[in-house]
$ cat query23.cif   # mmCIF, C-alpha atoms
data_query
loop_
_atom_site.label_atom_id
_atom_site.label_comp_id
_atom_site.auth_asym_id
_atom_site.auth_seq_id
_atom_site.Cartn_x
_atom_site.Cartn_y
_atom_site.Cartn_z
CA MET A 15 112.26 304.06 19.10
CA ALA A 16 113.83 303.71 22.55
CA LEU A 17 117.61 303.35 22.63
CA ILE A 18 118.40 299.62 22.58
CA THR A 19 121.60 298.67 24.38
CA ASN A 20 121.23 294.90 24.93
CA LEU A 21 119.09 291.87 24.10
CA SER A 22 116.88 292.36 27.16
CA ASP A 23 115.75 295.70 25.73
CA TYR A 24 114.48 293.89 22.64
CA GLU A 25 112.53 291.46 24.79
CA GLU A 26 110.81 294.26 26.72
CA LEU A 27 109.94 296.18 23.56
CA ALA A 28 108.64 292.99 21.94
CA ARG A 29 106.47 292.35 25.01
CA GLN A 30 104.94 295.80 24.58
CA LYS A 31 104.44 295.41 20.82
CA LEU A 32 103.27 291.83 20.26
CA PRO A 33 99.79 290.49 21.02
CA LYS A 34 99.83 288.78 24.43
CA MET A 35 99.11 285.37 22.88
CA VAL A 36 102.15 285.66 20.57
CA TYR A 37 104.54 287.06 23.17
CA ASP A 38 103.57 284.34 25.65
CA PHE A 39 104.03 281.67 22.97
CA TYR A 40 107.56 282.89 22.29
CA ALA A 41 108.58 283.76 25.84
CA GLY A 42 106.86 281.07 27.89
CA GLY A 43 108.22 277.85 29.35
CA ALA A 44 106.82 274.61 30.69
CA GLU A 45 104.78 274.39 33.88
CA ASP A 46 106.46 276.38 36.71
CA GLN A 47 109.03 277.79 34.26
CA TRP A 48 111.88 277.01 36.66
CA THR A 49 114.19 275.81 33.89
CA LEU A 50 113.29 278.84 31.76
CA LYS A 51 114.62 281.13 34.52
CA GLU A 52 117.54 278.86 35.45
CA ASN A 53 118.86 278.86 31.87
CA LYS A 54 119.72 282.53 32.27
CA GLU A 55 120.49 282.65 36.00
CA ALA A 56 123.03 279.81 35.85
CA PHE A 57 125.35 281.99 33.76
CA SER A 58 125.49 284.54 36.60
CA LYS A 59 127.03 281.89 38.86
CA ILE A 60 130.08 281.54 36.59
CA LEU A 61 132.79 284.14 37.18
CA PHE A 62 135.87 285.21 35.23
CA ARG A 63 139.62 284.76 35.78
CA PRO A 64 141.01 287.31 33.30
CA ARG A 65 144.63 287.57 32.22
CA VAL A 66 146.20 291.01 31.82
CA LEU A 67 149.07 292.73 29.99
CA ILE A 68 148.34 290.83 26.77
CA ASP A 69 148.20 292.62 23.41
CA VAL A 70 144.49 292.54 22.55
CA SER A 71 144.57 295.23 19.86
CA ARG A 72 143.36 292.66 17.32
CA ILE A 73 140.62 290.15 18.13
CA ASP A 74 139.68 287.28 15.81
CA MET A 75 136.28 285.68 16.55
CA SER A 76 136.02 283.58 13.39
CA THR A 77 135.63 279.82 13.63
CA SER A 78 134.86 276.75 11.56
CA ILE A 79 131.69 274.69 12.08
CA LEU A 80 131.50 271.33 10.29
CA GLY A 81 134.15 272.66 7.93
CA TYR A 82 132.34 275.94 7.16
CA LYS A 83 134.00 279.23 8.11
CA ILE A 84 131.77 281.66 10.02
CA SER A 85 132.44 285.10 11.47
CA MET A 86 131.75 284.25 15.10
CA PRO A 87 130.77 281.27 17.29
CA ILE A 88 127.19 282.61 17.63
CA MET A 89 124.54 280.95 15.46
CA VAL A 90 120.76 281.16 15.16
CA ALA A 91 118.75 278.36 16.72
CA PRO A 92 115.56 276.96 15.17
CA THR A 93 112.42 278.69 16.44
CA ALA A 94 108.88 278.39 15.15
CA LEU A 95 106.66 280.77 13.24
CA HIS A 96 108.67 283.97 12.74
CA LYS A 97 105.77 285.55 10.85
CA LEU A 98 103.96 285.89 14.16
CA ALA A 99 106.68 288.45 14.97
CA HIS A 100 107.06 290.16 11.59
CA ARG A 101 105.43 289.91 8.18
CA GLU A 102 108.71 288.90 6.50
CA GLY A 103 109.22 286.08 8.97
CA GLU A 104 112.15 283.68 8.58
CA VAL A 105 113.21 285.37 5.34
CA ALA A 106 114.15 288.51 7.28
CA SER A 107 115.88 286.45 9.98
CA ALA A 108 117.84 284.53 7.33
CA GLN A 109 118.94 287.70 5.56
CA ALA A 110 120.13 289.25 8.82
CA THR A 111 121.97 286.08 9.83
CA ALA A 112 123.67 285.86 6.42
CA ALA A 113 124.72 289.52 6.71
CA ALA A 114 126.29 288.67 10.08
CA GLY A 115 128.29 285.90 8.43
CA THR A 116 126.95 283.08 10.56
CA ILE A 117 124.62 280.05 10.43
CA MET A 118 120.83 280.06 10.68
CA THR A 119 118.90 276.91 11.55
CA LEU A 120 115.45 276.82 9.96
CA SER A 121 112.70 275.17 12.01
CA SER A 122 110.40 272.46 10.67
CA TRP A 123 107.69 274.73 12.07
CA SER A 124 108.71 277.68 9.90
CA SER A 125 106.20 280.15 8.51
CA CYS A 126 108.36 280.52 5.36
CA SER A 127 109.24 277.55 3.17
CA ILE A 128 112.63 275.83 2.99
CA GLU A 129 113.01 277.14 -0.55
CA GLU A 130 111.85 280.70 0.18
CA VAL A 131 114.41 281.07 2.95
CA ASN A 132 117.21 279.61 0.86
CA SER A 133 116.53 281.93 -2.09
CA SER A 134 116.23 285.03 0.13
CA ALA A 135 119.99 285.49 0.49
CA PRO A 136 123.20 283.50 0.12
CA GLY A 137 124.27 282.04 3.45
CA LEU A 138 124.99 278.95 5.50
CA ARG A 139 121.89 277.20 6.83
CA PHE A 140 121.02 274.08 8.80
CA PHE A 141 117.56 272.51 8.84
CA GLN A 142 115.94 271.46 12.11
CA LEU A 143 113.99 268.25 11.70
CA SER A 144 111.13 267.07 13.88
CA VAL A 145 110.52 263.40 13.13
CA PHE A 146 106.89 262.69 12.24
CA LYS A 147 104.93 259.48 12.30
CA ASP A 148 104.74 259.53 8.51
CA ARG A 149 108.32 258.81 7.46
CA ASP A 150 107.52 259.80 3.89
CA ILE A 151 107.02 263.38 5.10
CA VAL A 152 110.37 263.18 6.90
CA GLN A 153 112.09 262.01 3.72
CA GLN A 154 110.44 264.80 1.71
CA LEU A 155 111.61 267.46 4.19
CA VAL A 156 115.17 266.10 4.25
CA ARG A 157 115.29 265.90 0.46
CA ARG A 158 114.01 269.46 0.11
CA ALA A 159 116.62 270.73 2.58
CA GLU A 160 119.35 268.92 0.65
CA ASN A 161 118.16 270.24 -2.70
CA ALA A 162 117.96 273.78 -1.32
CA GLY A 163 121.60 273.69 -0.19
CA TYR A 164 121.22 273.36 3.57
CA LYS A 165 124.44 272.08 5.13
CA ALA A 166 123.26 269.88 8.02
CA ILE A 167 120.18 268.33 9.62
CA ALA A 168 119.62 269.11 13.31
CA VAL A 169 117.25 266.47 14.69
CA THR A 170 115.24 267.47 17.75
CA VAL A 171 115.43 264.56 20.18
CA ASP A 172 113.95 265.99 23.39
CA ALA A 173 110.33 266.33 22.27
CA PRO A 174 108.60 262.93 21.94
CA ARG A 175 105.69 264.80 23.49
CA LEU A 176 105.17 268.53 23.76
CA GLY A 177 105.85 270.07 27.17
CA ARG A 178 102.91 271.58 29.03
CA ARG A 179 103.10 275.30 28.31
CA GLU A 180 100.30 276.69 30.42
CA ALA A 181 100.30 280.18 28.91
CA ASP A 182 99.38 278.68 25.53
CA VAL A 183 96.54 276.74 27.15
CA ARG A 184 95.25 279.86 28.92
CA ASN A 185 95.54 281.97 25.78
CA ARG A 186 93.98 279.22 23.60
CA PHE A 187 96.88 279.67 21.23
CA THR A 188 95.98 279.28 17.56
CA LEU A 189 97.53 280.50 14.34
CA PRO A 190 96.09 283.62 12.70
CA GLU A 191 94.71 283.15 9.19
CA ASN A 192 97.75 284.72 7.51
CA VAL A 193 100.37 282.49 9.17
CA VAL A 194 100.77 278.89 8.02
CA LEU A 195 103.29 276.11 8.54
CA LYS A 196 104.92 276.57 5.16
CA CYS A 197 106.97 273.39 5.22
CA PHE A 198 103.67 271.48 5.11
CA GLU A 199 101.68 273.76 2.84
CA GLY A 200 99.37 271.74 0.62
CA LEU A 201 99.29 268.81 3.04
CA ASP A 202 96.59 268.06 5.58
CA LEU A 203 99.24 268.73 8.20
CA SER A 204 98.74 272.47 7.69
CA LYS A 205 95.19 272.33 8.98
CA ILE A 206 95.03 272.97 12.70
CA ASP A 207 91.89 272.33 14.69
CA LYS A 208 91.11 275.82 15.93
CA THR A 209 88.28 274.59 18.12
CA ASN A 210 90.69 272.69 20.33
CA ALA A 211 91.69 274.63 23.46
CA LEU A 212 95.26 273.37 23.16
CA GLY A 213 95.51 274.64 19.58
CA LEU A 214 99.01 274.21 18.19
CA ALA A 215 100.08 272.05 21.13
CA ALA A 216 97.43 269.45 20.35
CA TYR A 217 98.27 269.60 16.67
CA VAL A 218 102.02 269.16 17.09
CA THR A 219 101.57 266.43 19.66
CA SER A 220 99.41 264.50 17.23
CA GLN A 221 102.07 264.58 14.51
CA ILE A 222 105.33 264.03 16.41
CA ASP A 223 106.49 260.42 16.60
CA SER A 224 106.83 259.55 20.28
CA SER A 225 108.46 256.22 19.35
CA LEU A 226 111.57 258.04 18.04
CA SER A 227 114.73 256.19 19.15
CA TRP A 228 118.42 255.86 18.32
CA LYS A 229 117.64 253.44 15.49
CA ASP A 230 115.82 256.30 13.76
CA ILE A 231 118.98 258.42 13.90
CA LYS A 232 120.72 255.54 12.10
CA TRP A 233 117.87 255.45 9.57
CA LEU A 234 118.20 259.19 8.90
CA GLN A 235 121.85 258.65 8.03
CA THR A 236 120.75 256.22 5.29
CA ILE A 237 118.45 258.76 3.60
CA THR A 238 120.77 261.79 3.51
CA ARG A 239 124.37 262.63 2.78
CA LEU A 240 124.12 265.67 5.09
CA PRO A 241 125.75 265.56 8.53
CA ILE A 242 123.30 264.83 11.36
CA LEU A 243 123.35 266.83 14.59
CA VAL A 244 121.23 265.81 17.58
CA LYS A 245 119.57 268.68 19.42
CA GLY A 246 118.40 268.09 22.99
CA VAL A 247 121.14 265.97 24.57
CA ILE A 248 122.18 267.07 28.09
CA THR A 249 123.75 263.95 29.68
CA ALA A 250 127.02 262.06 29.21
CA GLU A 251 125.08 258.82 28.69
CA ASP A 252 123.17 260.21 25.72
CA ALA A 253 126.28 261.92 24.36
CA ARG A 254 128.00 258.51 24.33
CA LEU A 255 125.08 256.93 22.44
CA ALA A 256 124.96 259.83 19.98
CA ILE A 257 128.65 259.45 19.17
CA GLU A 258 128.25 255.68 18.83
CA CYS A 259 125.46 256.41 16.32
CA GLY A 260 127.90 258.45 14.26
CA VAL A 261 126.38 261.91 14.64
CA ALA A 262 128.42 264.88 13.42
CA GLY A 263 127.75 267.02 16.49
CA ILE A 264 125.69 267.56 19.63
CA ILE A 265 123.54 270.61 20.32
CA MET A 266 122.96 270.75 24.04
CA SER A 267 119.48 272.12 24.65
CA ASN A 268 116.59 271.86 27.06
CA HIS A 269 114.30 273.43 24.46
CA GLY A 270 114.60 276.80 26.14
CA GLY A 271 112.78 275.47 29.20
CA ARG A 272 109.73 274.58 27.11
CA GLN A 273 109.75 270.79 27.53
CA LEU A 274 110.52 269.09 30.87
CA ASP A 275 110.62 271.60 33.72
CA TYR A 276 113.21 271.34 36.51
CA LEU A 277 116.00 270.39 34.15
CA PRO A 278 119.31 272.05 34.99
CA ALA A 279 120.47 274.86 32.75
CA THR A 280 122.36 273.58 29.73
CA ILE A 281 125.45 275.56 30.80
CA SER A 282 125.42 273.53 34.05
CA CYS A 283 125.52 270.25 32.07
CA LEU A 284 128.05 271.37 29.48
CA GLU A 285 131.26 270.03 31.03
CA GLU A 286 129.73 266.58 31.56
CA VAL A 287 128.91 266.26 27.88
CA VAL A 288 132.20 267.81 26.69
CA ARG A 289 134.16 265.32 28.84
CA GLU A 290 132.26 262.43 27.27
CA ALA A 291 132.71 263.78 23.74
CA LYS A 292 136.50 263.92 24.22
CA GLY A 293 136.82 266.10 21.13
CA ARG A 294 135.37 263.40 18.85
CA VAL A 295 132.47 265.65 17.82
CA PRO A 296 131.77 269.34 18.42
CA VAL A 297 129.43 270.21 21.29
CA PHE A 298 127.24 273.31 20.91
CA LEU A 299 125.19 275.07 23.57
CA ASP A 300 121.64 276.34 23.18
CA SER A 301 119.28 277.86 25.79
CA GLY A 302 119.77 280.96 27.91
CA ILE A 303 122.40 282.95 25.97
CA ARG A 304 121.66 286.67 26.39
CA ARG A 305 125.12 288.28 26.65
CA GLY A 306 128.53 288.06 25.05
CA THR A 307 129.80 287.09 28.50
CA ASP A 308 127.48 284.05 28.33
CA VAL A 309 129.03 283.07 24.99
CA PHE A 310 132.55 283.36 26.44
CA LYS A 311 131.60 281.21 29.45
CA ALA A 312 130.20 278.50 27.20
CA LEU A 313 133.35 278.49 25.07
CA ALA A 314 135.55 278.36 28.17
CA LEU A 315 133.65 275.29 29.39
CA GLY A 316 134.22 273.49 26.11
CA ALA A 317 131.46 274.48 23.68
CA SER A 318 132.45 274.87 20.03
CA GLY A 319 129.77 277.51 19.56
CA VAL A 320 126.35 278.64 20.77
CA PHE A 321 122.87 279.06 19.35
CA ILE A 322 120.40 281.84 20.22
CA GLY A 323 116.65 281.53 19.79
CA ARG A 324 114.28 283.90 21.54
CA PRO A 325 116.49 286.99 21.15
CA VAL A 326 116.14 286.64 17.37
CA LEU A 327 112.34 286.52 17.62
CA PHE A 328 112.17 289.55 19.91
CA ALA A 329 114.54 291.61 17.75
CA LEU A 330 112.57 290.60 14.65
CA ALA A 331 109.33 291.73 16.29
CA VAL A 332 110.79 295.12 17.20
CA ASP A 333 112.60 296.04 13.99
CA GLY A 334 112.46 293.25 11.42
CA LYS A 335 115.66 292.29 9.60
CA ALA A 336 117.50 295.33 10.99
CA GLY A 337 116.58 294.28 14.51
CA VAL A 338 117.98 290.77 14.07
CA ARG A 339 121.13 292.14 12.46
CA ASN A 340 121.62 294.55 15.35
CA ALA A 341 120.97 291.87 17.98
CA LEU A 342 123.64 289.64 16.43
CA GLN A 343 126.04 292.57 16.21
CA MET A 344 125.47 293.48 19.87
CA LEU A 345 126.28 289.92 20.96
CA ARG A 346 129.36 289.95 18.76
CA ASP A 347 130.53 293.28 20.21
CA GLU A 348 129.95 292.03 23.76
CA LEU A 349 131.95 288.86 23.07
CA GLU A 350 134.78 290.91 21.59
CA ILE A 351 134.96 293.13 24.67
CA THR A 352 134.85 290.10 26.98
CA MET A 353 137.68 288.45 25.07
CA ALA A 354 139.80 291.61 25.17
CA LEU A 355 139.25 292.14 28.89
CA SER A 356 140.06 288.47 29.55
CA GLY A 357 143.28 288.58 27.55
CA CYS A 358 142.13 286.43 24.61
CA THR A 359 142.81 287.39 20.99
CA SER A 360 141.21 284.34 19.35
CA LEU A 361 138.75 281.62 20.31
CA LYS A 362 141.55 279.11 20.85
CA ASP A 363 142.91 281.39 23.59
CA ILE A 364 139.72 280.91 25.63
CA THR A 365 140.38 278.12 28.13
CA ARG A 366 138.84 276.52 31.20
CA ASP A 367 141.25 278.57 33.32
CA HIS A 368 139.40 281.75 32.33
CA VAL A 369 136.30 280.91 34.39
CA ILE A 370 135.36 279.82 37.91
CA THR A 371 132.21 277.73 38.40
CA GLU A 372 130.30 277.05 41.60
CA SER A 373 131.86 273.58 41.77
CA ASP A 374 135.32 275.15 41.49
CA MET A 375 134.54 277.40 44.44
CA ILE A 376 133.26 274.48 46.50
CA ARG A 377 136.42 272.46 45.77
CA ARG A 378 138.62 275.41 46.72
CA SER A 379 136.76 275.92 49.99
CA ARG A 380 137.50 272.29 50.94
CA MET A 381 141.24 272.57 50.28
#
$ encode --input "query23.cif" --output "structure tokens"
Amino acid sequence: MALITNLSDYEELARQKLPKMVYDFYAGGAEDQWTLKENKEAFSKILFRPRVLIDVSRIDMSTSILGYKISMPIMVAPTALHKLAHREGEVASAQATAAAGTIMTLSSWSSCSIEEVNSSAPGLRFFQLSVFKDRDIVQQLVRRAENAGYKAIAVTVDAPRLGRREADVRNRFTLPENVVLKCFEGLDLSKIDKTNALGLAAYVTSQIDSSLSWKDIKWLQTITRLPILVKGVITAEDARLAIECGVAGIIMSNHGGRQLDYLPATISCLEEVVREAKGRVPVFLDSGIRRGTDVFKALALGASGVFIGRPVLFALAVDGKAGVRNALQMLRDELEITMALSGCTSLKDITRDHVITESDMIRRSRM
């Protein structure tokens, strides 16, 4: 195998290894894919202000998320259908994430069941919930996640309809016979119309409840004792409503550029949401993280932690559980180096003063 030195190497090797239909499903974005590209490029516009002559011989990257201690502020985001990448699917991803001492979020669209993943290895896990028209199914999923020991429910709120992902339309994306939506196994929901050119997109669109509103977040709080996170908030206005609803945290996400195109990168919206949150709830960042430097920048701008999605899928495709474990370790190592070279020995040392954004530069030029 080629020497892998960063997450981009995994993506290129996955592109070479996976069937085109699968790679495009994982890698693609909505319409012109502007947001998909911007999610990564926006990080390159944020620069560092390092401090020197600080003893950085010992670096502590541990943190606490919703009261649970984890090894680093890097967690695994929910992504669909890991068995398209590797035969062990989400089980392998969960084992690697547990070995890294951090949190994995299992997708509603998992190719391994809630219970399978939980029994695969001890570890901290959240469950990502898509809200379906049939609320009985929603209650069943939440109850199963609770019973299996998941620690929080992350509700996707930016997908009342599925974004137009043209690669999936061109490729006539459908599931192979050996990959099923395990959370719905035994229900009619598992049966996708393979004659439809939109395949999975048409199927998911038909099941997602496009009437989902803030009152449903309140309803979810009545059916579970687990903390509720909302995933997909990128504005101060929605952050305010989320906090008023009593959510336990906000995961800033634009769905990896797969929903509405021409959204700004989440990193570009982060400070707006953090200012509104005022420390009342943690704010996490998802979408576009590919380097430890990206993680540091997010933390400096006020994030309590970050989630990574596609890099896990690509590493899984290349080398299974070992690939995911290595990808997480590489990000951890990169964050450690960035902290050391910036003069930070713990996460609390990382401050807004450690970075310069484009808006900072514009303000300085006007002074």
$ resolve_selection --input "query23.cif" --expression "the PyMOL selection byres ((chain A and resi 365-372) around 6)" --output "ChimeraX atom specification"
/A:60-64,314-315,364,373-375
$ closest_residue --input "query23.cif" --among "A:Gly137, A:Pro33, A:Gly302, A:Pro92" --to "Glu104 of chain A" --atoms "all atoms listed in the file"
A:Pro92
$ residues_around --input "query23.cif" --residues "Ile281 of chain A" --least-positions-apart "3" --cutoff "9 Å" --atoms "all atoms listed in the file" --output "ChimeraX atom specification"
/A:53,56-57,266,278,284-285,299-302,311-312,315
$ closest_residue --input "query23.cif" --among "A:Ile248, A:Cys259, A:Ser122, A:Leu313" --to "Gln235 of chain A" --atoms "all atoms listed in the file"
A:Cys259
$ atom_distance --input "query23.cif" --atom1 "atom CA of Gly42 of chain A" --atom2 "atom CA of Ser220 of chain A"
21.1 Å
$ residues_near_point --input "query23.cif" --point "(124.6, 261.3, 8.2)" --cutoff "8 Å" --atoms "all atoms listed in the file" --output "list in words"
Lys232, Leu234, Gln235, Thr236, Thr238, Arg239, Leu240, Pro241, Ile242, Gly260, Val261 and Ala262 of chain A
$ atom_distance --input "query23.cif" --atom1 "atom CA of Cys197 of chain A" --atom2 "atom CA of Phe321 of chain A"
22.0 Å
$ atom_distance --input "query23.cif" --atom1 "atom CA of Lys97 of chain A" --atom2 "atom CA of Val193 of chain A"
6.4 Å
$ decode --input "query23.cif" --residues "segment 172-203 of chain A" --atoms "N, CA and C atoms" --output "PDB file, in the first residue's frame"
ATOM      1  N   ASP A 172     -31.556  19.956   8.928  1.00  0.00           N
ATOM      2  CA  ASP A 172     -31.357  20.705   7.682  1.00  0.00           C
ATOM      3  C   ASP A 172     -31.732  19.894   6.447  1.00  0.00           C
ATOM      4  N   ALA A 173     -32.589  18.881   6.631  1.00  0.00           N
ATOM      5  CA  ALA A 173     -32.911  18.018   5.490  1.00  0.00           C
ATOM      6  C   ALA A 173     -34.409  17.682   5.426  1.00  0.00           C
ATOM      7  N   PRO A 174     -35.281  18.728   5.357  1.00  0.00           N
ATOM      8  CA  PRO A 174     -36.699  18.441   5.160  1.00  0.00           C
ATOM      9  C   PRO A 174     -36.963  17.843   3.778  1.00  0.00           C
ATOM     10  N   ARG A 175     -36.054  18.107   2.873  1.00  0.00           N
ATOM     11  CA  ARG A 175     -36.006  17.470   1.557  1.00  0.00           C
ATOM     12  C   ARG A 175     -34.550  17.127   1.298  1.00  0.00           C
ATOM     13  N   LEU A 176     -34.321  16.166   0.432  1.00  0.00           N
ATOM     14  CA  LEU A 176     -32.938  15.805   0.120  1.00  0.00           C
ATOM     15  C   LEU A 176     -32.400  16.744  -0.949  1.00  0.00           C
ATOM     16  N   GLY A 177     -31.159  17.229  -0.751  1.00  0.00           N
ATOM     17  CA  GLY A 177     -30.529  18.078  -1.746  1.00  0.00           C
ATOM     18  C   GLY A 177     -30.349  17.333  -3.065  1.00  0.00           C
ATOM     19  N   ARG A 178     -30.235  18.101  -4.140  1.00  0.00           N
ATOM     20  CA  ARG A 178     -30.092  17.495  -5.471  1.00  0.00           C
ATOM     21  C   ARG A 178     -28.624  17.160  -5.726  1.00  0.00           C
ATOM     22  N   ARG A 179     -28.307  15.886  -5.583  1.00  0.00           N
ATOM     23  CA  ARG A 179     -26.938  15.400  -5.765  1.00  0.00           C
ATOM     24  C   ARG A 179     -26.857  14.742  -7.141  1.00  0.00           C
ATOM     25  N   GLU A 180     -26.351  15.508  -8.089  1.00  0.00           N
ATOM     26  CA  GLU A 180     -26.483  15.122  -9.495  1.00  0.00           C
ATOM     27  C   GLU A 180     -25.685  13.882  -9.852  1.00  0.00           C
ATOM     28  N   ALA A 181     -24.580  13.646  -9.134  1.00  0.00           N
ATOM     29  CA  ALA A 181     -23.797  12.438  -9.420  1.00  0.00           C
ATOM     30  C   ALA A 181     -24.629  11.187  -9.154  1.00  0.00           C
ATOM     31  N   ASP A 182     -25.432  11.218  -8.077  1.00  0.00           N
ATOM     32  CA  ASP A 182     -26.273  10.062  -7.764  1.00  0.00           C
ATOM     33  C   ASP A 182     -27.347   9.850  -8.828  1.00  0.00           C
ATOM     34  N   VAL A 183     -27.839  10.948  -9.379  1.00  0.00           N
ATOM     35  CA  VAL A 183     -28.833  10.839 -10.456  1.00  0.00           C
ATOM     36  C   VAL A 183     -28.179  10.232 -11.698  1.00  0.00           C
ATOM     37  N   ARG A 184     -27.006  10.759 -12.052  1.00  0.00           N
ATOM     38  CA  ARG A 184     -26.296  10.242 -13.239  1.00  0.00           C
ATOM     39  C   ARG A 184     -25.937   8.773 -13.085  1.00  0.00           C
ATOM     40  N   ASN A 185     -25.498   8.411 -11.878  1.00  0.00           N
ATOM     41  CA  ASN A 185     -25.052   7.035 -11.637  1.00  0.00           C
ATOM     42  C   ASN A 185     -26.216   6.084 -11.350  1.00  0.00           C
ATOM     43  N   ARG A 186     -27.431   6.630 -11.272  1.00  0.00           N
ATOM     44  CA  ARG A 186     -28.615   5.828 -10.894  1.00  0.00           C
ATOM     45  C   ARG A 186     -28.316   5.033  -9.623  1.00  0.00           C
ATOM     46  N   PHE A 187     -27.935   5.779  -8.605  1.00  0.00           N
ATOM     47  CA  PHE A 187     -27.485   5.151  -7.361  1.00  0.00           C
ATOM     48  C   PHE A 187     -28.556   4.253  -6.757  1.00  0.00           C
ATOM     49  N   THR A 188     -28.190   3.015  -6.495  1.00  0.00           N
ATOM     50  CA  THR A 188     -29.054   2.076  -5.771  1.00  0.00           C
ATOM     51  C   THR A 188     -28.165   1.241  -4.850  1.00  0.00           C
ATOM     52  N   LEU A 189     -28.795   0.625  -3.863  1.00  0.00           N
ATOM     53  CA  LEU A 189     -28.039  -0.222  -2.951  1.00  0.00           C
ATOM     54  C   LEU A 189     -27.795  -1.595  -3.551  1.00  0.00           C
ATOM     55  N   PRO A 190     -26.567  -2.126  -3.404  1.00  0.00           N
ATOM     56  CA  PRO A 190     -26.331  -3.511  -3.816  1.00  0.00           C
ATOM     57  C   PRO A 190     -27.122  -4.462  -2.912  1.00  0.00           C
ATOM     58  N   GLU A 191     -27.309  -5.678  -3.381  1.00  0.00           N
ATOM     59  CA  GLU A 191     -28.142  -6.654  -2.675  1.00  0.00           C
ATOM     60  C   GLU A 191     -27.674  -6.915  -1.242  1.00  0.00           C
ATOM     61  N   ASN A 192     -26.358  -6.840  -1.026  1.00  0.00           N
ATOM     62  CA  ASN A 192     -25.816  -7.226   0.290  1.00  0.00           C
ATOM     63  C   ASN A 192     -25.736  -6.077   1.292  1.00  0.00           C
ATOM     64  N   VAL A 193     -26.243  -4.906   0.938  1.00  0.00           N
ATOM     65  CA  VAL A 193     -26.230  -3.755   1.840  1.00  0.00           C
ATOM     66  C   VAL A 193     -27.662  -3.296   2.074  1.00  0.00           C
ATOM     67  N   VAL A 194     -28.075  -3.311   3.353  1.00  0.00           N
ATOM     68  CA  VAL A 194     -29.436  -2.887   3.678  1.00  0.00           C
ATOM     69  C   VAL A 194     -29.394  -1.829   4.770  1.00  0.00           C
ATOM     70  N   LEU A 195     -30.487  -1.098   4.889  1.00  0.00           N
ATOM     71  CA  LEU A 195     -30.623  -0.112   5.957  1.00  0.00           C
ATOM     72  C   LEU A 195     -31.038  -0.860   7.217  1.00  0.00           C
ATOM     73  N   LYS A 196     -30.046  -1.220   8.025  1.00  0.00           N
ATOM     74  CA  LYS A 196     -30.268  -2.159   9.118  1.00  0.00           C
ATOM     75  C   LYS A 196     -31.198  -1.627  10.206  1.00  0.00           C
ATOM     76  N   CYS A 197     -31.236  -0.304  10.369  1.00  0.00           N
ATOM     77  CA  CYS A 197     -32.119   0.234  11.401  1.00  0.00           C
ATOM     78  C   CYS A 197     -33.586  -0.063  11.083  1.00  0.00           C
ATOM     79  N   PHE A 198     -33.871  -0.331   9.795  1.00  0.00           N
ATOM     80  CA  PHE A 198     -35.256  -0.551   9.375  1.00  0.00           C
ATOM     81  C   PHE A 198     -35.491  -1.972   8.886  1.00  0.00           C
ATOM     82  N   GLU A 199     -34.535  -2.848   9.161  1.00  0.00           N
ATOM     83  CA  GLU A 199     -34.664  -4.219   8.670  1.00  0.00           C
ATOM     84  C   GLU A 199     -35.957  -4.844   9.197  1.00  0.00           C
ATOM     85  N   GLY A 200     -36.683  -5.504   8.298  1.00  0.00           N
ATOM     86  CA  GLY A 200     -37.938  -6.129   8.687  1.00  0.00           C
ATOM     87  C   GLY A 200     -39.141  -5.227   8.465  1.00  0.00           C
ATOM     88  N   LEU A 201     -38.888  -3.945   8.188  1.00  0.00           N
ATOM     89  CA  LEU A 201     -39.968  -3.019   7.877  1.00  0.00           C
ATOM     90  C   LEU A 201     -40.009  -2.776   6.373  1.00  0.00           C
ATOM     91  N   ASP A 202     -41.128  -2.312   5.884  1.00  0.00           N
ATOM     92  CA  ASP A 202     -41.240  -1.984   4.464  1.00  0.00           C
ATOM     93  C   ASP A 202     -40.259  -0.895   4.061  1.00  0.00           C
ATOM     94  N   LEU A 203     -39.840  -0.106   5.057  1.00  0.00           N
ATOM     95  CA  LEU A 203     -38.896   0.978   4.782  1.00  0.00           C
ATOM     96  C   LEU A 203     -37.605   0.489   4.142  1.00  0.00           C
TER      97      LEU A 203
END
